[in-house]
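A quick write-up on the structure given underneath.
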Amino acid sequence: MENIIKKFPEGFLWGGATAANQFEGGYKEGGKGLSTSDVMTGGTHTTPRRITPVLEEGTYYPSHEAIDFYHRYKEDIKLFADMGFKVFRMSIAWTRIFPNGDDAQPSEEGLKFYDDVFTELKKYNIEPLVTISHYEAPYNLTQKYNGWSDRRVVDFYVKYCETIFNRYKDKVKYWLTFNEINCLTMPFGTFMAGAIMPEGNGELSANIKDNPQLRYQALHHQFIASAKAVKLGHQINKDFKIGCMIAYMTSYALTCNPEDVFLAQQKDNLSNFLCSDVQVRGAYPGFAKRYFKENNINIAMEEGDEQILREGCVDFYTFSYYMSVCVSADPNQEKIGGNLSMGLKNPYLKASAWEWQIDPKGLRWTLNNIYNRYQIPLMVVENGLGAADTVEADGSINDDYRIEYLREHIKEMKEAVVDGVDLMGYTPWGCIDLVSAGTGEMKKRYGLIYVDKDNDGKGTLDRSPKKSFYWYKKVIDTNGENL
Ligand code: BGP
């Protein structure tokens, strides 16, 4: 048997990923407007975050200061450069550019801030990968229009895209239209995607009263907005590469009962492929149309929508991958104690302290599964282990568990490359500690760089490299040879 050479391609984009509302802070500075994330309180693993239409005195809102990248971006980018980053995934806060979302003119101060950030990245030859909308939208749009449920929001978004595409056309090449767009297929994802106001008790959890009709209508508007942005982006700069971003839910059948196996495939279709079929292939798949019919979901489409979708197909496919879960057609399985928040327990896997099951092999499966369907370049733009870290007396942070997690996932990515998957890059999530999107905590850390701040918002905000920082630097230096 011939020896197989396992290597990442030349020019592989190694880096890290963040989002504005989870790390910028400066929520009222530089003329920034209030965004949906700014009205979300902190929480913990067991207490859900809340959404407060009026800011409550004395309540902790993690996005307000976050980790203060707004003032410390030079220091942070220098640290990324020290690790050897080739790419840095970040998002633009829409409310820095259009504070209310429907303003006539963009804010020059907001535009200037990202100019400075991109210039700083360029200094170190770090390529920005920009998410245009990452789990936030101007709060005003939710108040006035009920967010994405209103078609008019498409035009506001496209105007925002036009503004940033024109302004940064020589500084940014890689764009993602919406973070984890498929969250809108799930009840809990609605508010986080800046879609619509929750009709519940303000708790950010499955308790939010679900309204699938509204959710899928909002999703359709995001598809139209995304497709229009892709077309426009290519007109503004033909070298732009514009991608979709999917929260990949890898679901295995709990048993080989065909009912379970079919359910797993159906979940894959509805939770993962519905959105990417629209964004990559430019049309709703048959199973989506059937699902809408069977669930009395009537999506209002305008004439020309089908053409807009067809003409706005993305250039590459990106996704987040943290875990896998099991599914079973047997409703009793949930009661046997195998129920995690996201699905059923897999007896072969260990889980993080936040019950996210760790499954490196699942990443290889997922990469192959996606590539088999689309055959366009893929990128893993989020992956990592959320864990509580301990700072030793000498200041060191020995996060061997994180190194282990990342190493095993990188190994499987390398295998997938040998399988033939066209993989462009890898940006582990929260390369610097930041606020958790799900729980609003600081304690759930993903970073290779530690930030001194606790769940109540106290701390010096000082940065320090963890053990994983030095390890990842070596990985990048050797293009993934030295793991
Ligand atoms: C993804 C989001 C990120 C991020 C990550 C980790 O779904 O795109 O914004 O935060 O998950 O989740 P959490 O912060 O809840 O641990």
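Following the order of the structure tokens, chains are lettered A, B, ..., residues in each are numbered from 1, and ligands are numbered from 1.
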
Site check for ligand 1: residues at most 7 Å away, only C-alpha atoms and all ligand atoms, as a ChimeraX atom specification: /A:19,135,179-180,247,320,386,429,435-439,444

Same residues, N, CA and C atoms, output as a PDB file, in the first residue's frame:
ATOM      1  N   ALA A  19     -17.081  37.723  17.495  1.00  0.00           N
ATOM      2  CA  ALA A  19     -18.244  38.478  17.009  1.00  0.00           C
ATOM      3  C   ALA A  19     -18.326  39.777  17.789  1.00  0.00           C
ATOM      4  N   TYR A 135     -25.652  37.498  15.032  1.00  0.00           N
ATOM      5  CA  TYR A 135     -26.524  37.449  16.209  1.00  0.00           C
ATOM      6  C   TYR A 135     -26.910  38.812  16.746  1.00  0.00           C
ATOM      7  N   ASN A 179     -24.493  34.986  10.329  1.00  0.00           N
ATOM      8  CA  ASN A 179     -23.989  33.927  11.200  1.00  0.00           C
ATOM      9  C   ASN A 179     -25.093  32.924  11.496  1.00  0.00           C
ATOM     10  N   GLU A 180     -24.758  31.646  11.371  1.00  0.00           N
ATOM     11  CA  GLU A 180     -25.660  30.558  11.776  1.00  0.00           C
ATOM     12  C   GLU A 180     -27.112  30.847  11.368  1.00  0.00           C
ATOM     13  N   ALA A 247     -24.834  26.706  11.482  1.00  0.00           N
ATOM     14  CA  ALA A 247     -24.528  26.029  12.756  1.00  0.00           C
ATOM     15  C   ALA A 247     -24.792  24.550  12.502  1.00  0.00           C
ATOM     16  N   SER A 320     -20.120  26.227  11.814  1.00  0.00           N
ATOM     17  CA  SER A 320     -19.591  26.002  13.158  1.00  0.00           C
ATOM     18  C   SER A 320     -19.815  24.545  13.502  1.00  0.00           C
ATOM     19  N   GLY A 386     -15.639  25.113  25.282  1.00  0.00           N
ATOM     20  CA  GLY A 386     -15.971  26.079  26.326  1.00  0.00           C
ATOM     21  C   GLY A 386     -15.668  25.435  27.675  1.00  0.00           C
ATOM     22  N   TRP A 429     -13.319  29.114  17.561  1.00  0.00           N
ATOM     23  CA  TRP A 429     -14.154  30.144  18.161  1.00  0.00           C
ATOM     24  C   TRP A 429     -13.477  30.794  19.371  1.00  0.00           C
ATOM     25  N   VAL A 435     -17.554  36.860  25.733  1.00  0.00           N
ATOM     26  CA  VAL A 435     -18.845  36.552  26.358  1.00  0.00           C
ATOM     27  C   VAL A 435     -19.519  35.394  25.611  1.00  0.00           C
ATOM     28  N   SER A 436     -20.069  34.452  26.358  1.00  0.00           N
ATOM     29  CA  SER A 436     -20.784  33.341  25.722  1.00  0.00           C
ATOM     30  C   SER A 436     -22.112  33.830  25.153  1.00  0.00           C
ATOM     31  N   ALA A 437     -22.403  33.409  23.940  1.00  0.00           N
ATOM     32  CA  ALA A 437     -23.663  33.834  23.314  1.00  0.00           C
ATOM     33  C   ALA A 437     -24.855  33.154  23.990  1.00  0.00           C
ATOM     34  N   GLY A 438     -24.696  31.889  24.302  1.00  0.00           N
ATOM     35  CA  GLY A 438     -25.811  31.131  24.844  1.00  0.00           C
ATOM     36  C   GLY A 438     -26.164  31.527  26.261  1.00  0.00           C
ATOM     37  N   THR A 439     -25.143  31.632  27.104  1.00  0.00           N
ATOM     38  CA  THR A 439     -25.413  31.853  28.525  1.00  0.00           C
ATOM     39  C   THR A 439     -25.074  33.270  28.992  1.00  0.00           C
ATOM     40  N   LYS A 444     -17.446  30.617  30.651  1.00  0.00           N
ATOM     41  CA  LYS A 444     -17.356  29.599  29.600  1.00  0.00           C
ATOM     42  C   LYS A 444     -16.369  30.106  28.550  1.00  0.00           C
TER      43      LYS A 444
END

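Non-sequential neighbours of Ile126 of chain A (distance at most 7 Å, separation of 3 or more positions within a chain, only C-alpha atoms) are A:Phe85, A:Lys86, A:Val87, A:Phe88, A:Leu121, A:Lys122.
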
Members of segment 191-427 of chain A assigned alpha helix (DSSP H) by DSSP, as a PyMOL selection string: chain A and resi 191-192+212-236+258-267+274-276+286-294+305-311+360-374+400-419

Nearest to Ala387 of chain A by atom-to-atom distance, counting only C-alpha atoms, from A:Gln235, A:Asn346, A:Ser352, A:Asn479: A:Ser352

Every residue of segment 102-209 of chain A that DSSP places in strand (DSSP E or B), as JSON, numbers by chain: {"A": [127, 128, 129, 130, 131, 138, 174, 175, 176, 203]}

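Each of A:Tyr252, A:Trp471, A:Phe188, A:Tyr124 was checked against Gly343 of chain A using only C-alpha atoms; the smallest atom-to-atom distance is that of A:Tyr252.
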
Would you mind listing what lies within 9 Å of Pro99 of chain A as a PDB file with C-alpha atoms, in the first residue's frame, with only C-alpha atoms counted and same-chain residues fewer than 3 positions away left out?
ATOM      1  CA  GLY A  31     -22.204  57.021  17.806  1.00  0.00           C
ATOM      2  CA  LYS A  32     -23.220  53.371  18.023  1.00  0.00           C
ATOM      3  CA  GLY A  33     -26.942  52.629  18.293  1.00  0.00           C
ATOM      4  CA  LEU A  34     -28.533  50.049  20.554  1.00  0.00           C
ATOM      5  CA  SER A  35     -28.504  46.559  19.120  1.00  0.00           C
ATOM      6  CA  TRP A  94     -24.555  47.020  12.086  1.00  0.00           C
ATOM      7  CA  THR A  95     -25.412  49.683  14.691  1.00  0.00           C
ATOM      8  CA  ARG A  96     -21.970  51.273  14.385  1.00  0.00           C
ATOM      9  CA  ASP A 102     -33.140  52.682   8.894  1.00  0.00           C
ATOM     10  CA  ASP A 103     -31.032  55.876   8.978  1.00  0.00           C
ATOM     11  CA  PRO A 106     -24.163  55.887   7.647  1.00  0.00           C
ATOM     12  CA  SER A 107     -22.088  57.003  10.594  1.00  0.00           C
ATOM     13  CA  PRO A 138     -30.402  47.331  15.309  1.00  0.00           C
ATOM     14  CA  TYR A 139     -32.853  47.233  18.195  1.00  0.00           C
ATOM     15  CA  ASN A 140     -34.918  49.911  16.508  1.00  0.00           C
TER      16      ASN A 140
END

Distance query Leu176 of chain A at most 9 Å, only C-alpha atoms, self and fewer than 4 positions along chain excluded, as an MDAnalysis selection string: chainID A and resid 91 129:133 226 241:245 318

Can I get the selection written as a PDB file, in the first residue's frame, with N, CA and C atoms?
ATOM      1  N   SER A  91     -16.999  40.314  13.292  1.00  0.00           N
ATOM      2  CA  SER A  91     -18.211  40.826  12.650  1.00  0.00           C
ATOM      3  C   SER A  91     -18.232  42.332  12.768  1.00  0.00           C
ATOM      4  N   LEU A 129     -11.955  38.134   7.813  1.00  0.00           N
ATOM      5  CA  LEU A 129     -13.133  37.393   7.334  1.00  0.00           C
ATOM      6  C   LEU A 129     -14.294  38.003   8.107  1.00  0.00           C
ATOM      7  N   VAL A 130     -15.152  38.729   7.401  1.00  0.00           N
ATOM      8  CA  VAL A 130     -16.129  39.569   8.085  1.00  0.00           C
ATOM      9  C   VAL A 130     -17.546  38.995   8.029  1.00  0.00           C
ATOM     10  N   THR A 131     -18.122  38.752   9.195  1.00  0.00           N
ATOM     11  CA  THR A 131     -19.530  38.374   9.268  1.00  0.00           C
ATOM     12  C   THR A 131     -20.339  39.670   9.283  1.00  0.00           C
ATOM     13  N   ILE A 132     -21.258  39.803   8.364  1.00  0.00           N
ATOM     14  CA  ILE A 132     -22.000  41.055   8.235  1.00  0.00           C
ATOM     15  C   ILE A 132     -23.064  41.169   9.330  1.00  0.00           C
ATOM     16  N   SER A 133     -23.650  40.044   9.691  1.00  0.00           N
ATOM     17  CA  SER A 133     -24.649  40.062  10.758  1.00  0.00           C
ATOM     18  C   SER A 133     -24.440  38.837  11.653  1.00  0.00           C
ATOM     19  N   SER A 226     -29.516  37.918   1.791  1.00  0.00           N
ATOM     20  CA  SER A 226     -28.210  37.300   1.566  1.00  0.00           C
ATOM     21  C   SER A 226     -27.919  37.209   0.061  1.00  0.00           C
ATOM     22  N   LYS A 241     -15.145  37.039  -2.058  1.00  0.00           N
ATOM     23  CA  LYS A 241     -15.638  35.676  -1.822  1.00  0.00           C
ATOM     24  C   LYS A 241     -16.656  35.790  -0.700  1.00  0.00           C
ATOM     25  N   ILE A 242     -17.886  35.450  -1.018  1.00  0.00           N
ATOM     26  CA  ILE A 242     -18.966  35.644  -0.052  1.00  0.00           C
ATOM     27  C   ILE A 242     -19.577  34.286   0.298  1.00  0.00           C
ATOM     28  N   GLY A 243     -19.654  34.010   1.588  1.00  0.00           N
ATOM     29  CA  GLY A 243     -20.075  32.672   2.012  1.00  0.00           C
ATOM     30  C   GLY A 243     -21.313  32.660   2.882  1.00  0.00           C
ATOM     31  N   CYS A 244     -21.851  31.449   3.056  1.00  0.00           N
ATOM     32  CA  CYS A 244     -22.928  31.240   4.021  1.00  0.00           C
ATOM     33  C   CYS A 244     -22.292  30.718   5.313  1.00  0.00           C
ATOM     34  N   MET A 245     -23.058  30.726   6.390  1.00  0.00           N
ATOM     35  CA  MET A 245     -22.535  30.212   7.661  1.00  0.00           C
ATOM     36  C   MET A 245     -23.655  29.460   8.367  1.00  0.00           C
ATOM     37  N   THR A 318     -19.358  27.931   4.942  1.00  0.00           N
ATOM     38  CA  THR A 318     -18.679  27.867   6.234  1.00  0.00           C
ATOM     39  C   THR A 318     -19.663  27.381   7.300  1.00  0.00           C
TER      40      THR A 318
END
